[in-house]
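What follows is the content of protein09.cif, which has mmCIF, C-alpha atoms:
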```cif
data_structure
loop_
_atom_site.group_PDB
_atom_site.id
_atom_site.type_symbol
_atom_site.label_atom_id
_atom_site.label_comp_id
_atom_site.auth_asym_id
_atom_site.auth_seq_id
_atom_site.Cartn_x
_atom_site.Cartn_y
_atom_site.Cartn_z
ATOM 1 C CA MET O 1 -8.945 -0.788 -11.948
ATOM 2 C CA ILE O 2 -6.885 -3.298 -9.983
ATOM 3 C CA GLY O 3 -3.868 -4.745 -11.757
ATOM 4 C CA VAL O 4 -1.968 -7.873 -10.744
ATOM 5 C CA ASP O 5 1.398 -9.111 -11.988
ATOM 6 C CA GLU O 6 4.427 -11.100 -10.867
ATOM 7 C CA ALA O 7 8.204 -10.903 -11.005
ATOM 8 C CA GLY O 8 10.629 -13.781 -10.674
ATOM 9 C CA LYS O 9 8.469 -16.655 -11.853
ATOM 10 C CA GLY O 10 11.235 -18.163 -13.980
ATOM 11 C CA ALA O 11 14.178 -17.354 -11.721
ATOM 12 C CA VAL O 12 16.342 -20.133 -10.292
ATOM 13 C CA VAL O 13 17.600 -17.980 -7.409
ATOM 14 C CA GLY O 14 15.376 -16.003 -5.084
ATOM 15 C CA SER O 15 11.711 -15.571 -4.310
ATOM 16 C CA MET O 16 8.871 -14.692 -6.640
ATOM 17 C CA PHE O 17 6.864 -11.552 -5.910
ATOM 18 C CA VAL O 18 3.281 -10.765 -6.867
ATOM 19 C CA ALA O 19 1.863 -7.250 -6.618
ATOM 20 C CA ALA O 20 -1.720 -6.028 -6.775
ATOM 21 C CA VAL O 21 -2.361 -2.310 -7.311
ATOM 22 C CA ASP O 22 -5.644 -0.428 -7.062
ATOM 23 C CA PHE O 23 -4.596 2.106 -9.675
ATOM 24 C CA VAL O 24 -6.403 5.381 -9.044
ATOM 25 C CA ALA O 25 -3.610 7.690 -10.172
ATOM 26 C CA ASP O 26 -3.841 9.942 -13.230
ATOM 27 C CA PHE O 27 -0.403 9.302 -14.752
ATOM 28 C CA ALA O 28 0.583 6.898 -17.503
ATOM 29 C CA VAL O 29 2.815 3.960 -16.668
ATOM 30 C CA PRO O 30 5.616 3.445 -19.198
ATOM 31 C CA ASP O 31 6.859 0.029 -20.271
ATOM 32 C CA SER O 32 8.964 -1.132 -17.322
ATOM 33 C CA LYS O 33 11.338 -2.975 -19.646
ATOM 34 C CA ARG O 34 12.426 0.391 -21.060
ATOM 35 C CA LEU O 35 13.139 1.914 -17.650
ATOM 36 C CA SER O 36 16.399 1.887 -15.762
ATOM 37 C CA ALA O 37 16.488 0.400 -12.276
ATOM 38 C CA ASP O 38 16.471 3.885 -10.739
ATOM 39 C CA GLU O 39 13.499 4.944 -12.876
ATOM 40 C CA ARG O 40 11.586 1.816 -11.849
ATOM 41 C CA GLU O 41 12.281 2.518 -8.182
ATOM 42 C CA ARG O 42 11.028 6.098 -8.482
ATOM 43 C CA LEU O 43 7.933 4.947 -10.338
ATOM 44 C CA ALA O 44 7.224 2.201 -7.790
ATOM 45 C CA GLU O 45 7.516 4.752 -4.989
ATOM 46 C CA ARG O 46 5.049 7.035 -6.750
ATOM 47 C CA VAL O 47 2.626 4.154 -7.250
ATOM 48 C CA ARG O 48 2.881 3.255 -3.557
ATOM 49 C CA ASN O 49 2.296 6.885 -2.554
ATOM 50 C CA GLU O 50 -0.778 7.370 -4.737
ATOM 51 C CA CYS O 51 -2.379 3.933 -4.833
ATOM 52 C CA GLU O 52 -3.244 1.059 -2.540
ATOM 53 C CA VAL O 53 -0.642 -1.663 -3.046
ATOM 54 C CA ALA O 54 -0.275 -5.237 -1.836
ATOM 55 C CA VAL O 55 2.814 -7.388 -2.356
ATOM 56 C CA VAL O 56 3.315 -11.051 -1.502
ATOM 57 C CA GLU O 57 6.550 -13.020 -1.514
ATOM 58 C CA VAL O 58 6.699 -16.676 -2.498
ATOM 59 C CA SER O 59 9.872 -18.353 -1.291
ATOM 60 C CA ALA O 60 12.054 -20.667 -3.331
ATOM 61 C CA ASP O 61 11.075 -23.493 -1.003
ATOM 62 C CA GLU O 62 7.366 -22.966 -1.650
ATOM 63 C CA VAL O 63 7.986 -22.797 -5.395
ATOM 64 C CA ASP O 64 9.856 -26.125 -5.180
ATOM 65 C CA GLY O 65 6.972 -27.663 -3.269
ATOM 66 C CA TYR O 66 4.454 -26.757 -5.951
ATOM 67 C CA VAL O 67 6.774 -27.806 -8.790
ATOM 68 C CA SER O 68 7.343 -31.196 -7.136
ATOM 69 C CA ASP O 69 3.587 -31.714 -7.141
ATOM 70 C CA GLY O 70 3.363 -30.629 -10.784
ATOM 71 C CA GLY O 71 1.389 -27.543 -9.906
ATOM 72 C CA MET O 72 3.215 -24.380 -11.010
ATOM 73 C CA ASN O 73 -0.059 -23.122 -12.474
ATOM 74 C CA ASP O 74 -1.683 -23.827 -9.097
ATOM 75 C CA LEU O 75 0.970 -21.714 -7.398
ATOM 76 C CA MET O 76 0.420 -18.794 -9.761
ATOM 77 C CA VAL O 77 -3.299 -18.802 -9.023
ATOM 78 C CA GLU O 78 -2.680 -19.027 -5.280
ATOM 79 C CA ALA O 79 -0.006 -16.296 -5.232
ATOM 80 C CA HIS O 80 -2.114 -13.872 -7.272
ATOM 81 C CA GLY O 81 -5.040 -14.683 -5.001
ATOM 82 C CA ARG O 82 -3.016 -13.860 -1.889
ATOM 83 C CA ALA O 83 -2.106 -10.460 -3.314
ATOM 84 C CA LEU O 84 -5.740 -9.687 -4.081
ATOM 85 C CA ASP O 85 -6.790 -10.913 -0.615
ATOM 86 C CA LYS O 86 -4.521 -8.266 0.931
ATOM 87 C CA LEU O 87 -6.066 -5.456 -1.113
ATOM 88 C CA ASP O 88 -9.171 -3.751 0.283
ATOM 89 C CA ALA O 89 -10.677 -2.668 -3.032
ATOM 90 C CA SER O 90 -13.562 -3.714 -5.255
ATOM 91 C CA ASP O 91 -12.685 -2.334 -8.685
ATOM 92 C CA ARG O 92 -12.411 -4.389 -11.857
ATOM 93 C CA VAL O 93 -9.440 -6.796 -11.690
ATOM 94 C CA VAL O 94 -7.103 -7.446 -14.610
ATOM 95 C CA ALA O 95 -4.146 -9.806 -14.260
ATOM 96 C CA ASP O 96 -1.264 -10.552 -16.553
ATOM 97 C CA ALA O 97 -2.008 -14.175 -17.428
ATOM 98 C CA SER O 98 0.466 -16.591 -15.840
ATOM 99 C CA ASP O 99 -0.836 -19.580 -17.777
ATOM 100 C CA THR O 100 -0.562 -20.364 -21.476
ATOM 101 C CA ASP O 101 -4.374 -20.316 -21.462
ATOM 102 C CA ALA O 102 -5.395 -16.831 -20.326
ATOM 103 C CA ASP O 103 -9.080 -17.713 -20.034
ATOM 104 C CA ARG O 104 -8.285 -20.692 -17.815
ATOM 105 C CA PHE O 105 -6.121 -18.531 -15.579
ATOM 106 C CA ALA O 106 -8.884 -15.914 -15.325
ATOM 107 C CA ARG O 107 -11.451 -18.572 -14.461
ATOM 108 C CA ARG O 108 -9.290 -20.240 -11.816
ATOM 109 C CA LEU O 109 -8.236 -16.956 -10.233
ATOM 110 C CA SER O 110 -11.863 -15.795 -10.186
ATOM 111 C CA GLU O 111 -12.800 -18.966 -8.325
ATOM 112 C CA ARG O 112 -9.894 -18.482 -5.901
ATOM 113 C CA VAL O 113 -10.846 -14.919 -4.901
ATOM 114 C CA GLY O 114 -14.607 -15.209 -5.296
ATOM 115 C CA ARG O 115 -14.951 -12.363 -7.784
ATOM 116 C CA GLU O 116 -14.621 -11.851 -11.519
ATOM 117 C CA VAL O 117 -11.079 -11.466 -12.807
ATOM 118 C CA ASP O 118 -9.966 -10.802 -16.365
ATOM 119 C CA ALA O 119 -6.575 -12.071 -17.514
ATOM 120 C CA GLU O 120 -4.633 -11.309 -20.657
ATOM 121 C CA HIS O 121 -1.174 -12.016 -21.948
ATOM 122 C CA GLY O 122 0.834 -8.800 -22.115
ATOM 123 C CA ALA O 123 -1.660 -6.976 -19.911
ATOM 124 C CA ASP O 124 1.182 -4.962 -18.380
ATOM 125 C CA ASP O 125 1.621 -3.282 -21.773
ATOM 126 C CA ASP O 126 -2.085 -2.543 -22.236
ATOM 127 C CA TYR O 127 -3.260 -1.420 -18.792
ATOM 128 C CA ASP O 128 -1.622 1.142 -16.517
ATOM 129 C CA ALA O 129 -2.898 -0.757 -13.471
ATOM 130 C CA VAL O 130 -1.155 -3.963 -14.509
ATOM 131 C CA GLY O 131 1.935 -2.059 -15.611
ATOM 132 C CA ALA O 132 2.066 -0.462 -12.156
ATOM 133 C CA ALA O 133 1.772 -3.883 -10.514
ATOM 134 C CA SER O 134 4.558 -5.163 -12.750
ATOM 135 C CA VAL O 135 6.859 -2.313 -11.710
ATOM 136 C CA VAL O 136 6.120 -2.742 -7.996
ATOM 137 C CA ALA O 137 6.710 -6.502 -8.176
ATOM 138 C CA LYS O 138 9.917 -6.042 -10.161
ATOM 139 C CA VAL O 139 11.328 -3.483 -7.727
ATOM 140 C CA ALA O 140 10.509 -5.750 -4.777
ATOM 141 C CA ARG O 141 12.188 -8.663 -6.534
ATOM 142 C CA ASP O 142 15.252 -6.553 -7.442
ATOM 143 C CA ALA O 143 15.702 -5.464 -3.818
ATOM 144 C CA HIS O 144 15.443 -9.082 -2.718
ATOM 145 C CA ILE O 145 17.891 -10.543 -5.251
ATOM 146 C CA ALA O 146 20.415 -7.790 -4.520
ATOM 147 C CA GLY O 147 21.124 -9.650 -1.293
ATOM 148 C CA PHE O 148 22.789 -12.466 -3.241
ATOM 149 C CA ASP O 149 25.744 -12.374 -5.609
ATOM 150 C CA ALA O 150 23.616 -13.990 -8.297
ATOM 151 C CA GLY O 151 22.927 -11.290 -10.874
ATOM 152 C CA SER O 152 19.291 -11.368 -11.906
ATOM 153 C CA GLY O 153 18.862 -14.877 -10.546
ATOM 154 C CA TYR O 154 17.627 -16.213 -13.889
ATOM 155 C CA PRO O 155 19.056 -19.349 -15.538
ATOM 156 C CA GLY O 156 20.307 -17.380 -18.549
ATOM 157 C CA ASP O 157 22.401 -15.080 -16.353
ATOM 158 C CA GLU O 158 25.978 -16.360 -16.024
ATOM 159 C CA ARG O 159 26.298 -14.704 -12.606
ATOM 160 C CA ALA O 160 23.355 -16.769 -11.402
ATOM 161 C CA VAL O 161 24.915 -19.954 -12.772
ATOM 162 C CA GLU O 162 28.254 -19.109 -11.130
ATOM 163 C CA PHE O 163 26.404 -18.555 -7.861
ATOM 164 C CA LEU O 164 24.881 -22.026 -8.204
ATOM 165 C CA ARG O 165 28.289 -23.539 -8.932
ATOM 166 C CA SER O 166 29.760 -21.899 -5.857
ATOM 167 C CA GLU O 167 26.992 -23.259 -3.620
ATOM 168 C CA ALA O 168 26.269 -26.683 -5.119
ATOM 169 C CA PRO O 169 25.380 -29.299 -4.221
ATOM 170 C CA ASP O 170 24.178 -28.133 -0.793
ATOM 171 C CA TYR O 171 22.235 -25.093 -1.881
ATOM 172 C CA PRO O 172 21.053 -22.315 0.460
ATOM 173 C CA ALA O 173 17.337 -21.712 0.914
ATOM 174 C CA CYS O 174 17.236 -19.043 -1.806
ATOM 175 C CA VAL O 175 17.844 -21.594 -4.601
ATOM 176 C CA ARG O 176 14.997 -23.377 -6.379
ATOM 177 C CA GLU O 177 16.371 -26.892 -6.353
ATOM 178 C CA SER O 178 13.574 -28.217 -8.580
ATOM 179 C CA TRP O 179 14.773 -26.095 -11.526
ATOM 180 C CA SER O 180 16.630 -28.018 -14.222
ATOM 181 C CA THR O 181 19.531 -25.555 -14.056
ATOM 182 C CA SER O 182 20.166 -26.094 -10.354
ATOM 183 C CA GLU O 183 19.730 -29.852 -10.759
ATOM 184 C CA ARG O 184 22.278 -29.905 -13.590
ATOM 185 C CA VAL O 185 24.823 -27.788 -11.713
ATOM 186 C CA ALA O 186 24.489 -29.951 -8.595
ATOM 187 C CA ARG O 187 24.917 -33.097 -10.666
ATOM 188 C CA GLU O 188 28.013 -31.705 -12.390
ATOM 189 C CA LYS O 189 29.496 -30.649 -9.045
ATOM 190 C CA LYS O 190 28.980 -34.105 -7.586
ATOM 191 C CA GLN O 191 30.487 -35.767 -10.644
ATOM 192 C CA SER O 192 33.454 -33.414 -10.497
ATOM 193 C CA GLY O 193 33.979 -34.296 -6.856
ATOM 194 C CA LEU O 194 33.945 -37.987 -7.648
ATOM 195 C CA GLY O 195 36.486 -37.422 -10.413
ATOM 196 C CA ASP O 196 38.810 -35.619 -8.033
ATOM 197 C CA PHE O 197 38.654 -38.424 -5.509
ATOM 198 C CA SER O 198 41.461 -40.926 -5.709
ATOM 199 C CA PRO O 199 41.481 -43.672 -3.077
ATOM 200 C CA SER O 200 44.680 -44.186 -1.119
ATOM 201 C CA ARG O 201 46.664 -47.322 -1.831
#
```
Could you spell out this file's structure in structure tokens?
Amino acid sequence: MIGVDEAGKGAVVGSMFVAAVDFVADFAVPDSKRLSADERERLAERVRNECEVAVVEVSADEVDGYVSDGGMNDLMVEAHGRALDKLDASDRVVADASDTDADRFARRLSERVGREVDAEHGADDDYDAVGAASVVAKVARDAHIAGFDAGSGYPGDERAVEFLRSEAPDYPACVRESWSTSERVAREKKQSGLGDFSPSR
């Protein structure tokens, strides 16, 4: 079975990563949310050693471009499709659904890659192949975000918000400027700057 999953979809800082894994190993994949960072890294390395793996990175700038056009669902289909395109395998494909409508996501992804794809919400909990893809994507995302002093990079992480405050309003390329959090922080920074300005007399 081939599993596909993403990491970083909702982050305000950093890229999103999508992994596809042709899972041919004979070990069970535990819930990645219950693993420490070190355990995830060891598991991802084992998956890479025993299975064919493909990972694609979607930059913050590309995410912003799709969001501006109102097409986040389009981006998820395209990104998952790119990961599958890189994988030279023909097994059954199961993806963790990245749309509120799992059947719609499966149909659109099937059309994108020209083969049948199943998609389910919570598939990473039900299928080792998808769980393995989730772990690989998460480890790739963790390594990427470690390059910034932004915590997890998610809007609910105060370190991420502090990073935005330190960089606003002229954000670096790693920030998704279309996110409401980054827009709000930039607006507050600009307003604060105006408040500090007092014209000379």
Quiz prompt | Contacts of region 31-44 of chain O within 7 Å, only C-alpha atoms, excl. fewer than 6 positions in-chain, as a list of chain:residue names | solution =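 Neighbouring residues, sequence-local ones excluded: O:Asp125, O:Val135, O:Val136, O:Val139.
Residues in contact with Asn73 (chain O) at up to 10 Å, not including ones fewer than 6 positions away on its chain and judged by only C-alpha atoms, are Tyr66, Val67, Ala79, Ser98, Asp99, Thr100, Phe105 and Arg108 of chain O.
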Carefully work through the PyMOL selection byres ((chain O and resi 94) around 9) for this structure and note down the residues it includes, as an MDAnalysis selection string.
chainID O and resid 1:4 92:93 95:97 106 117:120 123 127 129:130
Name every residue that the PyMOL selection byres ((chain O and resi 18) around 8) selects in this structure, writing the answer as a PDB file with C-alpha atoms, in the frame of the given file with chains first and numbers rising.
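That gives us result-v4.pdb:
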```pdb
ATOM      1  CA  VAL O   4      -1.968  -7.873 -10.744  1.00  0.00           C
ATOM      2  CA  ASP O   5       1.398  -9.111 -11.988  1.00  0.00           C
ATOM      3  CA  GLU O   6       4.427 -11.100 -10.867  1.00  0.00           C
ATOM      4  CA  ALA O   7       8.204 -10.903 -11.005  1.00  0.00           C
ATOM      5  CA  MET O  16       8.871 -14.692  -6.640  1.00  0.00           C
ATOM      6  CA  PHE O  17       6.864 -11.552  -5.910  1.00  0.00           C
ATOM      7  CA  ALA O  19       1.863  -7.250  -6.618  1.00  0.00           C
ATOM      8  CA  ALA O  20      -1.720  -6.028  -6.775  1.00  0.00           C
ATOM      9  CA  VAL O  55       2.814  -7.388  -2.356  1.00  0.00           C
ATOM     10  CA  VAL O  56       3.315 -11.051  -1.502  1.00  0.00           C
ATOM     11  CA  GLU O  57       6.550 -13.020  -1.514  1.00  0.00           C
ATOM     12  CA  ALA O  79      -0.006 -16.296  -5.232  1.00  0.00           C
ATOM     13  CA  HIS O  80      -2.114 -13.872  -7.272  1.00  0.00           C
ATOM     14  CA  ALA O  83      -2.106 -10.460  -3.314  1.00  0.00           C
ATOM     15  CA  ALA O 133       1.772  -3.883 -10.514  1.00  0.00           C
ATOM     16  CA  ALA O 137       6.710  -6.502  -8.176  1.00  0.00           C
TER      17      ALA O 137
END
```
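Comparing the minimum interatomic distances between Ser152 (chain O) and each of O:Ala132, O:Ala89, O:Val12, O:Val53, counting only C-alpha atoms, we find that O:Val12 sits nearest.
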The distance between CA of Gly156 (chain O) and CA of Asp128 (chain O) is 28.8 Å
note - CA of Tyr171 (chain O) and CA of Asp142 (chain O) are separated by 20.6 Å
* To do: Find the spatial neighbours of Gly151 (chain O), counting all atoms listed in the file, within a cut-off of 12 Å - ignore same-chain residues fewer than 4 positions away - and output them as a PyMOL selection string.
  => chain O and resi 11-14+141-147+155-164
Size and centre in Å, one decimal, axis-aligned box, all listed region 11-14 of chain O atoms plus 3 Å per side, as JSON:
```
{"center_x": 15.9, "center_y": -18.1, "center_z": -8.4, "size_x": 9.4, "size_y": 10.1, "size_z": 12.6}
```
* To do: Give as a list of chain:residue names the set of residues within 8 Å of the point (15.8, -22.2, 2.7), where distances use the file's coordinates and all atoms listed in the file.
  => O:Ala60, O:Asp61, O:Pro172, O:Ala173, O:Cys174, O:Val175
Name the residues in contact with Cys51 (chain O) at a cut-off of 8 Å, using all atoms listed in the file, excluding same-chain residues fewer than 2 positions from it; report them as a ChimeraX atom specification.
/O:21-25,47-49,53
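Minimum atom-to-atom distance to Arg165 (chain O), evaluated using only C-alpha atoms, belongs to O:Glu188 out of O:Glu188, O:Glu45, O:Asp149, O:Glu78.
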